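For reference, the structure discussed in these notes is given below.
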Number of protein chains: 2
Amino acid sequence: MSADQTTPTLDLTADVVAITAQIVDIESVSGNERALADAIEQQLRAAGHLEVIRTGDAVMARTEGGKDRRVVLAGHIDTVPVAGNLPSRIEGDRIYGCGTSDMKSGDALMLKLAATLTDSPYELTYIFYDNEEVEATKNGLGRIAREYRHWLYGDLAILLEPTNGLLEAGCQGTMRAVVTTRGTRAHSARAWLGDNAIHAAAPILQRLADYQPERVDIDGIEYREGLNAVRIEGGIAGNIIPDECTVTVNFRFAPHRSVADAEAFLQEFFTGFEVEITDSAPAAVPALSDPVLATFAGHVGGEVSAKYGWTDVSRFAAFKIPAINYGPGDPNLAHKQEESAQTDLITEGERVLRDYLTTPY
Amino acid sequence: MSADQTTPTLDLTADVVAITAQIVDIESVSGNERALADAIEQQLRAAGHLEVIRTGDAVMARTEGGKDRRVVLAGHIDTVPVAGNLPSRIEGDRIYGCGTSDMKSGDALMLKLAATLTDSPYELTYIFYDNEEVEATKNGLGRIAREYRHWLYGDLAILLEPTNGLLEAGCQGTMRAVVTTRGTRAHSARAWLGDNAIHAAAPILQRLADYQPERVDIDGIEYREGLNAVRIEGGIAGNIIPDECTVTVNFRFAPHRSVADAEAFLQEFFTGFEVEITDSAPAAVPALSDPVLATFAGHVGGEVSAKYGWTDVSRFAAFKIPAINYGPGDPNLAHKQEESAQTDLITEGERVLRDYLTTPY
């Protein structure tokens, strides 16, 4: 255990909104999750009824009572970079701050349930993991899938990614690629001797600006795709014609495409340019026909829609574990400076999950 | 004097090609000129017949004998970033390495003349200065013009910028501007909630790619303009729609435009975008009708052409001091990885200048 006297202490006797505030206020931008992981580990170990292990800045806990069915609850504890939106504040019926929606309100539900739910007819597994908001190779749940695969096992996995308290099935795949233009350096006063690689990127940006995303229907659920530049870099000095420009793009694709299909799409889309795939994660088809998932869906009620955003649902799907997204945050506010979550959805989320997890099957 | 026992010692009894090699091998990328300035200062002080002062990493030396005419020789001692092209090497009739053309071969001529030319009918001023290859606000000669303006005075200023041993008159102006697009951040999985600022830069790059530079005739000398992106930056994280993209452009303009004209041109060229001027330096018209300059031109012989590249000629021009570019380097190789200079032009440059500066007027 890496916790020491500097570990912040969480009070899990508080209500779930207050717990959300506590963990939002422990900054945990991807790569900097240690303090929050320490605090979570300390609480889970203190609970007494859980087997707990720590791997990197991921913390896993589970009951081991020999019951027939196991439900896995999972949430990432990292956030995108802070944008002047910490510490948290509660105003009216919302809690504001970096990570409130994506996804520390979901993590707060998991913590509250982990600390208090000792009488479930299900075996329960809680997975708090690091580095979800960065390239897939760093993803803490990916590391767990490689090194502690048996910890992922369950009859149902619920990811507490933001869904506004609705059920969202499957998930988009994601792929990052770097599209490069090359030119020839020269002094900018004699530009005709060079070849400007930044100017050569104009068609890349124009194709992206003109791109019309597809909408794909799978099992009655509509998935929307997206292709965007997420970074552009070029230039050597203020008086040099640049010889290289790189555009990093992120392709979010519907579950009708495999990773290989998505790569073929990008290679064709950027015909005439160098395209290097740097990162990808498969989409997941919805698992709505699974009976355990159907029971949970019936319990939550309401419609099932597509999950926009890659989520670790696809990691469970890869192991044939039915998985679904269900969380109290607002996905439309994720990664925004004004990120916030509706407090009554957090409270309602605890009620729904506690009710489901204490109802005999 | 900031020189100490670590100051590299130059041997000015060597020939000018060997002196070029010596000073090329003392790396002096802009901002890192101190060691070379120390070495130059040490030699100029040792010469005995010169008044020497040091300001920052600029070194100035002059004779004070009461003769009628004064010629100022000036050269910057900094270079663009090293590109694996140090130390220097002589191969065939060329010397290769960072700064060989721009403009340590010119500096070598100045050093050789400063050390040995004690019998000129002219008073002579030598100015070695720092930070020419970066934004104009840092330019060492600009600092000298503000703080030691009387040191610039002369009947003729010769800048030893690379001209292949030809006379190049006047100079282009230069202006840098940052053109910015703005958008709205969102998670890249729900891109329709955001507005991609990188995609919005497509028309900026397209206008630059389509731009046709003007060619302007002044006093029979043709000046070519140029407008280029020298840097592009945008992006926050791999899964965020970026809300800002900046394109830094460098406009090289002919002497028919003032700085204000150049700014108006850029504002119009980038209509519809935010344009911020960050750096500028005026062009200089050629001073070919000046009799002292004409004498020197007659001495060198050959045609006079336009100087491509902003040079400190414009700083002398601003004080009505006739000034011209004449140096042994190759301007077409400046700032290139394969930078080199023709050794016989270096030797010839010394001969021409020594001849001119020892001929009675």
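Here, A, B, ... name the chains of the structure tokens in the order displayed, residue numbers run from 1 inside each chain, and ligands are numbered from 1 in the same displayed order.
Near Arg34 (chain B), within a cut-off of 12 Å and counting only C-alpha atoms, sit the residues B:Met1, B:Ser2, B:Ala3, B:Asp4, B:Thr6, B:Thr7, B:Pro8, B:Ile26, B:Glu27, B:Ser28, B:Val29, B:Ser30, B:Asp38, B:Ala39, B:Ile40, B:Glu41, B:Arg54, B:Thr55, B:Gly56, B:Asp57, B:Ala58, B:Val59, B:Ile77, B:Asp78, B:Phe128, B:Tyr129, B:Asp130, B:Asn131, with same-chain residues fewer than 4 positions away left out.
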Original post:
For chain B, which residues have at least one atom within 6 Å of chain A, if we go by only C-alpha atoms? Write them as a list of chain:residue names, please.
Top reply: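 Close enough to count are B:Ala186, B:His187, B:Ala189, B:His199, B:Ala202, B:Leu205, B:Gln206, B:Ala209, B:Val230, B:Arg231, B:Ile232, B:Glu233, B:Gly234, B:Gly235, B:Gly238, B:Ile241, B:Arg252, B:Tyr308, B:Gly309, B:His335.
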Could you name the residues that touch Glu303 (chain A) at 8 Å or less, counting only C-alpha atoms, but leaving out those on the same chain fewer than 2 positions away, as a CSV table (one decimal) with N, CA and C atoms, in the first residue's frame?
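Once written, out.csv looks like this:
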chain,number,residue,atom,x,y,z
A,166,LEU,N,-29.5,7.1,-17.6
A,166,LEU,CA,-30.2,6.3,-18.6
A,166,LEU,C,-29.3,5.1,-19.0
A,167,LEU,N,-29.9,4.1,-19.6
A,167,LEU,CA,-29.1,3.0,-20.1
A,167,LEU,C,-28.5,3.3,-21.4
A,301,GLY,N,-35.5,0.7,-16.0
A,301,GLY,CA,-36.6,1.2,-16.8
A,301,GLY,C,-36.1,2.2,-17.8
A,305,SER,N,-30.3,3.6,-25.2
A,305,SER,CA,-29.8,4.3,-26.4
A,305,SER,C,-28.3,4.0,-26.6
Original post:
Nearest to Leu117 (chain B): which of B:Arg182, B:Arg354, B:Arg62, B:Arg45 is it, counting only C-alpha atoms?
Top reply: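 Smallest separation from Leu117 (chain B) among the options: B:Arg354.
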Original post:
Which residues in region 40-93 of chain B does DSSP call alpha helix (DSSP H)? List them as a count of residues only.
Top reply: 8
**OP:** Excluding Gly220 (chain B) and residues on its chain fewer than 5 positions from it, collect all residues at most 12 Å away from it, counting only C-alpha atoms, and give them as a ChimeraX atom specification.
**Re:** /B:169,215,285-286,288,303-306
